[in-house]
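What follows is the content of final_5.tsv, which has TSV, C-alpha atoms and all ligand atoms:
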```
chain	number	residue	atom	x	y	z
A	26	MET	CA	-17.90	0.03	10.36
A	27	LYS	CA	-14.53	1.59	9.50
A	28	ASN	CA	-13.78	3.64	6.42
A	29	ILE	CA	-10.84	2.67	4.23
A	30	VAL	CA	-9.56	5.07	1.59
A	31	VAL	CA	-7.23	3.53	-1.01
A	32	LEU	CA	-4.75	5.68	-2.91
A	33	ILE	CA	-3.58	4.51	-6.34
A	34	SER	CA	-1.58	5.83	-9.27
A	35	GLY	CA	-2.17	3.19	-11.93
A	36	ARG	CA	-3.34	-0.36	-12.50
A	37	GLY	CA	-4.74	-0.81	-9.02
A	38	SER	CA	-4.52	-4.58	-8.75
A	39	ASN	CA	-3.72	-4.38	-5.03
A	40	MET	CA	-6.72	-2.11	-4.55
A	41	GLU	CA	-8.83	-4.72	-6.38
A	42	ALA	CA	-7.54	-7.44	-4.05
A	43	ILE	CA	-8.46	-5.27	-1.06
A	44	VAL	CA	-11.95	-4.55	-2.41
A	45	GLN	CA	-12.57	-8.24	-3.08
A	46	ALA	CA	-11.28	-9.38	0.31
A	47	CYS	CA	-13.30	-6.74	2.15
A	48	ALA	CA	-16.48	-7.91	0.40
A	49	THR	CA	-15.99	-11.67	0.44
A	50	GLU	CA	-14.56	-11.86	3.98
A	51	GLY	CA	-17.14	-9.49	5.43
A	52	TRP	CA	-14.73	-7.03	7.04
A	53	ASN	CA	-15.99	-4.58	9.60
A	54	ALA	CA	-15.05	-1.91	7.07
A	55	ARG	CA	-15.97	-0.45	3.73
A	56	ILE	CA	-13.91	0.97	0.91
A	57	ALA	CA	-15.10	4.55	1.29
A	58	ALA	CA	-13.18	5.83	-1.71
A	59	VAL	CA	-10.40	5.26	-4.20
A	60	VAL	CA	-8.31	8.38	-4.79
A	61	SER	CA	-5.75	8.77	-7.57
A	62	ASN	CA	-3.17	11.37	-8.49
A	63	ARG	CA	-3.61	10.36	-12.13
A	64	PRO	CA	-6.93	10.87	-13.93
A	65	ASP	CA	-6.14	7.97	-16.30
A	66	ALA	CA	-5.34	5.41	-13.58
A	67	ALA	CA	-6.90	2.15	-14.76
A	68	GLY	CA	-7.92	1.23	-11.24
A	69	LEU	CA	-10.42	4.09	-11.17
A	70	ASP	CA	-12.57	2.26	-13.74
A	71	PHE	CA	-12.69	-0.85	-11.56
A	72	ALA	CA	-13.71	1.23	-8.54
A	73	ARG	CA	-16.43	3.11	-10.45
A	74	ALA	CA	-17.78	-0.18	-11.84
A	75	ARG	CA	-18.06	-1.44	-8.23
A	76	GLY	CA	-19.95	1.68	-7.18
A	77	ILE	CA	-17.06	2.93	-5.04
A	78	ALA	CA	-16.60	6.70	-4.76
A	79	THR	CA	-13.56	7.98	-6.62
A	80	ALA	CA	-11.61	11.23	-6.62
A	81	VAL	CA	-8.67	12.54	-8.58
A	82	VAL	CA	-6.12	15.02	-7.28
A	83	ASP	CA	-3.80	15.60	-10.20
A	84	HIS	CA	-0.28	16.36	-8.98
A	85	ARG	CA	0.46	18.18	-12.25
A	86	GLY	CA	-1.77	21.02	-11.14
A	87	HIS	CA	0.48	21.81	-8.18
A	88	ALA	CA	3.74	23.70	-8.03
A	89	SER	CA	4.90	22.10	-4.76
A	90	ARG	CA	4.56	18.83	-2.86
A	91	GLU	CA	3.07	20.77	0.05
A	92	SER	CA	0.31	22.21	-2.11
A	93	PHE	CA	-0.48	18.82	-3.69
A	94	ASP	CA	-0.50	17.03	-0.33
A	95	ALA	CA	-2.76	19.69	1.19
A	96	GLU	CA	-5.37	19.14	-1.52
A	97	LEU	CA	-4.92	15.37	-1.34
A	98	GLN	CA	-5.50	15.52	2.42
A	99	ARG	CA	-8.69	17.54	1.95
A	100	SER	CA	-9.91	15.06	-0.64
A	101	VAL	CA	-9.10	12.00	1.49
A	102	ASP	CA	-10.51	13.53	4.69
A	103	ALA	CA	-13.83	14.17	2.93
A	104	PHE	CA	-14.32	10.38	3.16
A	105	ALA	CA	-13.63	10.31	6.93
A	106	PRO	CA	-10.96	7.60	6.74
A	107	ASP	CA	-10.06	5.35	9.65
A	108	VAL	CA	-7.36	3.79	7.49
A	109	VAL	CA	-5.57	5.08	4.38
A	110	ALA	CA	-3.96	2.39	2.22
A	111	LEU	CA	-1.37	3.32	-0.39
A	112	ALA	CA	-1.63	0.76	-3.19
A	113	GLY	CA	0.83	1.58	-5.93
A	114	PHE	CA	0.59	5.28	-5.05
A	115	MET	CA	3.75	6.61	-6.63
A	116	ARG	CA	4.22	9.91	-4.83
A	117	ILE	CA	6.62	10.88	-2.08
A	118	LEU	CA	4.50	12.28	0.72
A	119	THR	CA	5.39	15.29	2.85
A	120	PRO	CA	6.06	14.86	6.58
A	121	GLY	CA	2.95	16.91	7.36
A	122	PHE	CA	0.70	14.58	5.36
A	123	VAL	CA	2.28	11.50	6.93
A	124	ALA	CA	1.92	12.95	10.45
A	125	HIS	CA	-1.75	13.73	9.85
A	126	TYR	CA	-2.45	10.03	9.22
A	127	ALA	CA	0.04	8.62	11.73
A	128	GLY	CA	-0.86	5.07	12.72
A	129	ARG	CA	-3.53	4.72	10.05
A	130	LEU	CA	-1.45	5.08	6.86
A	131	ILE	CA	0.03	1.93	5.35
A	132	ASN	CA	1.82	0.99	2.14
A	133	VAL	CA	2.85	-2.04	0.15
A	134	HIS	CA	6.36	-1.99	-1.27
A	135	PRO	CA	7.70	-4.60	-3.72
A	136	SER	CA	10.84	-5.60	-1.84
A	137	LEU	CA	11.92	-7.12	1.45
A	138	LEU	CA	12.46	-3.85	3.27
A	139	PRO	CA	14.79	-2.41	4.39
A	140	ALA	CA	16.42	-3.69	1.17
A	141	PHE	CA	15.66	-1.83	-2.04
A	142	THR	CA	13.73	1.20	-0.95
A	143	GLY	CA	12.60	3.47	-3.76
A	144	LEU	CA	12.19	2.49	-7.40
A	145	HIS	CA	13.23	-0.41	-9.69
A	146	THR	CA	13.26	-2.89	-6.84
A	147	HIS	CA	13.10	-6.02	-9.02
A	148	ARG	CA	15.89	-4.92	-11.34
A	149	ARG	CA	18.08	-4.08	-8.35
A	150	ALA	CA	17.31	-7.42	-6.66
A	151	LEU	CA	18.29	-9.29	-9.84
A	152	GLU	CA	21.45	-7.22	-10.32
A	153	SER	CA	22.40	-7.87	-6.70
A	154	GLY	CA	22.19	-11.61	-7.21
A	155	CYS	CA	19.49	-12.05	-4.57
A	156	LYS	CA	18.13	-15.56	-4.20
A	157	ALA	CA	15.00	-14.32	-2.47
A	158	ALA	CA	12.75	-11.35	-3.12
A	159	GLY	CA	9.39	-10.32	-1.81
A	160	THR	CA	7.10	-7.62	-0.60
A	161	THR	CA	6.48	-5.63	2.55
A	162	VAL	CA	3.41	-4.01	4.09
A	163	HIS	CA	4.43	-1.27	6.50
A	164	PHE	CA	3.24	1.77	8.35
A	165	VAL	CA	4.19	4.93	6.50
A	166	THR	CA	6.51	7.35	8.26
A	167	ALA	CA	8.31	10.42	6.99
A	168	ASP	CA	11.35	8.20	6.35
A	169	LEU	CA	10.61	6.84	2.85
A	170	ASP	CA	9.98	3.07	2.84
A	171	HIS	CA	11.34	2.70	6.38
A	172	GLY	CA	8.21	2.56	8.52
A	173	PRO	CA	7.41	-0.25	10.99
A	174	ILE	CA	6.96	-3.54	9.11
A	175	ILE	CA	3.56	-5.20	9.53
A	176	ALA	CA	4.08	-8.22	7.29
A	177	GLN	CA	6.36	-9.59	4.61
A	178	ALA	CA	6.09	-12.27	1.93
A	179	VAL	CA	9.08	-14.03	0.43
A	180	VAL	CA	9.39	-15.51	-3.06
A	181	PRO	CA	12.34	-17.23	-4.70
A	182	VAL	CA	14.40	-15.55	-7.40
A	183	LEU	CA	14.59	-18.22	-10.11
A	184	PRO	CA	17.34	-18.72	-12.69
A	185	GLY	CA	16.30	-16.94	-15.86
A	186	ASP	CA	14.04	-14.46	-14.09
A	187	SER	CA	13.48	-11.12	-15.77
A	188	GLU	CA	12.19	-8.00	-14.03
A	189	GLU	CA	8.76	-8.90	-15.39
A	190	THR	CA	8.63	-12.50	-14.19
A	191	LEU	CA	9.94	-11.55	-10.75
A	192	ALA	CA	7.50	-8.64	-10.50
A	193	ALA	CA	4.59	-10.94	-11.36
A	194	ARG	CA	5.63	-13.49	-8.72
A	195	VAL	CA	5.91	-10.77	-6.10
A	196	LEU	CA	2.63	-9.11	-7.12
A	197	ALA	CA	0.71	-12.37	-6.69
A	198	ARG	CA	1.91	-12.49	-3.06
A	199	GLU	CA	1.05	-8.83	-2.53
A	200	HIS	CA	-2.54	-9.67	-3.41
A	201	VAL	CA	-2.62	-12.09	-0.46
A	202	LEU	CA	-0.43	-10.17	1.98
A	203	TYR	CA	-1.85	-6.68	1.66
A	204	PRO	CA	-5.52	-7.46	2.34
A	205	ARG	CA	-4.48	-9.65	5.27
A	206	ALA	CA	-2.31	-6.95	6.85
A	207	LEU	CA	-4.88	-4.25	6.22
A	208	ARG	CA	-7.58	-6.30	7.91
A	209	TRP	CA	-5.37	-6.68	10.99
A	210	LEU	CA	-5.19	-2.89	11.21
A	211	VAL	CA	-8.94	-2.55	10.70
A	212	ASP	CA	-9.53	-5.09	13.47
A	213	ASP	CA	-7.05	-3.30	15.77
A	214	LEU	CA	-4.85	-6.38	16.09
A	215	LEU	CA	-1.48	-4.66	15.72
A	216	ARG	CA	0.80	-3.24	18.39
A	217	VAL	CA	3.74	-1.02	17.46
A	218	ASP	CA	6.86	-0.76	19.59
A	219	GLY	CA	9.41	1.43	17.83
A	220	LEU	CA	9.96	-0.22	14.47
A	221	VAL	CA	8.57	-3.56	15.62
A	222	VAL	CA	4.96	-4.45	14.89
A	223	ARG	CA	3.40	-7.43	16.63
A	224	HIS	CA	0.12	-9.17	15.91
A	225	THR	CA	-1.65	-9.32	19.26
A	226	ARG	CA	-2.87	-12.87	18.63
A	227	GLY	CA	0.39	-14.14	17.18
A	228	GLU	CA	-0.69	-14.55	13.57
A	229	PRO	CA	2.33	-15.23	11.32
A	230	GLN	CA	3.55	-11.95	9.89
A	231	LEU	CA	5.78	-13.71	7.37
A	232	LEU	CA	4.36	-15.46	4.33
A	233	VAL	CA	6.77	-17.91	2.73
B	301	LIG	C1	2.86	-2.94	-6.61
B	301	LIG	O1	3.79	-3.94	-6.93
B	301	LIG	C2	3.35	-2.15	-5.41
B	301	LIG	O2	4.08	-2.89	-4.50
B	301	LIG	C3	4.22	-1.12	-6.07
B	301	LIG	O3	3.57	-0.77	-7.25
B	301	LIG	C4	2.80	-1.87	-7.71
B	301	LIG	C5	1.38	-1.38	-7.92
B	301	LIG	O4	0.62	-2.33	-8.58
B	301	LIG	N1	4.40	-0.01	-5.20
B	301	LIG	C6	5.52	0.69	-5.15
B	301	LIG	O5	6.47	0.50	-5.87
B	301	LIG	C7	5.51	1.80	-4.11
B	301	LIG	N2	6.83	2.22	-3.82
B	301	LIG	P1	-0.97	-2.18	-8.60
B	301	LIG	O6	-1.27	-0.75	-9.08
B	301	LIG	O7	-1.42	-3.19	-9.61
B	301	LIG	O8	-1.46	-2.44	-7.23
```
Could you show the structure in this file as structure tokens?
Ligand code: GAR
Amino acid sequence: MKNIVVLISGRGSNMEAIVQACATEGWNARIAAVVSNRPDAAGLDFARARGIATAVVDHRGHASRESFDAELQRSVDAFAPDVVALAGFMRILTPGFVAHYAGRLINVHPSLLPAFTGLHTHRRALESGCKAAGTTVHFVTADLDHGPIIAQAVVPVLPGDSEETLAARVLAREHVLYPRALRWLVDDLLRVDGLVVRHTRGEPQLLV
């Protein structure tokens, strides 16, 4: 049974989707803990209500990224993680933290990477006139939002879309894509060759 630690900063709907999928699909894994950098993250209430261990490492108590990441690492490692899943965790991580979890640290990002790294992805996709948008699950490397891509989901950009409507359409796909990709990692079904990730049994890594 593998231990998954999920890191959140807010609402935690992707974390909820992971918790539900893990339980209903009977993964060979458990959600060992949900850790947040914000004490008021709404997702913490969901986790507590499900009897999942929670921890808070408040970034505001730290003068440097290195100091915050060192405490975060101690907190996460206390739950002996096999996999660490960033789910709306809105902190830039230091290279040392990323290296410590190399190969077992993944993230969901609300764009079709490598387009629109960073913030305000939906606004930038709309302003760029994109006809498609989507989401990416990827391994985390020190290069922000540029790690090897595990899976992507595509949605249309519709006439009249606002940031909110596009974000909602993308989020609904994240809730399918992220648990699926995370389970592949748990089940050791991914092979990484440079930036290219392949599913060893040929499962489709694109959701359209
Ligand atoms: C998700 O859309 C996720 O892709 C995004 O934040 C949202 C979190 O929602 N993550 C990033 O922007 C990371 N760069 P949630 O808290 O409801 O899962």
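Closest approach to A:Glu96 among A:Phe114, A:Phe71, A:Phe141, A:Phe122 is made by A:Phe122 (distances from all atoms listed in the file).
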> So how far away is atom CA of A:Ile174 from atom CA of A:Ser92, in Å?
Replying inline: 28.9 Å
> When the cut-off is 9 Å and you count only C-alpha atoms and all ligand atoms, which residues lie near ligand LIG 301 (chain B), shown as a PyMOL selection string?
Replying inline: chain A and resi 33-42+66-68+111-117+132-136+142-146+160-162+169-170+192-193+195-197+199-200
> Quick one: residues within 8 Å of A:Ala80, all atoms listed in the file counted, chain neighbours fewer than 3 positions away excluded, as JSON, numbers by chain?
Replying inline: {"A": [58, 59, 60, 61, 100]}
>> Under the rule that all atoms listed in the file are counted, which of A:Val101, A:Gly185, A:Ile175, A:Ala57 is the nearest residue to A:Leu214?
In response: A:Ile175
> Quick one: distance from atom CA of A:Arg55 to atom CA of A:His84 in Å, one decimal?
Replying inline: 26.3 Å
> With all atoms listed in the file as the atoms that count, which of A:Val211, A:Ala178, A:Ala110, A:Ala206 lies nearest to A:Ile131?
Replying inline: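 For A:Ile131, the nearest of the given residues is A:Ala110.
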>> Using all atoms listed in the file for the distances, tell me which of A:Leu130, A:Val182, A:Ala72, A:Ile29 is nearest to A:Gly154.
In response: A:Val182
>> Just the number, please: distance in Å from atom CA of A:Val180 to atom CA of A:Glu152, one decimal.
In response: 16.3 Å
>> So, with only C-alpha atoms as the atoms that count, which of A:Arg194, A:Asp70, A:Gly121, A:Asp107 lies closest to A:Ala157?
In response: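 Among the listed residues, A:Arg194 lies closest to A:Ala157.
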> Counting all atoms listed in the file, which of A:Thr166, A:Arg148, A:Leu232, A:Asp83 gets nearest to A:Val179?
Replying inline: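 Going through A:Thr166, A:Arg148, A:Leu232, A:Asp83 one by one, the smallest distance to A:Val179 is for A:Leu232.
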>> The residues within 10 Å of (-3.7, 7.2, 12.5), using only C-alpha atoms and the coordinates of the file, should be reported as a PyMOL selection string; which are they?
In response: chain A and resi 106-109+123-131+164
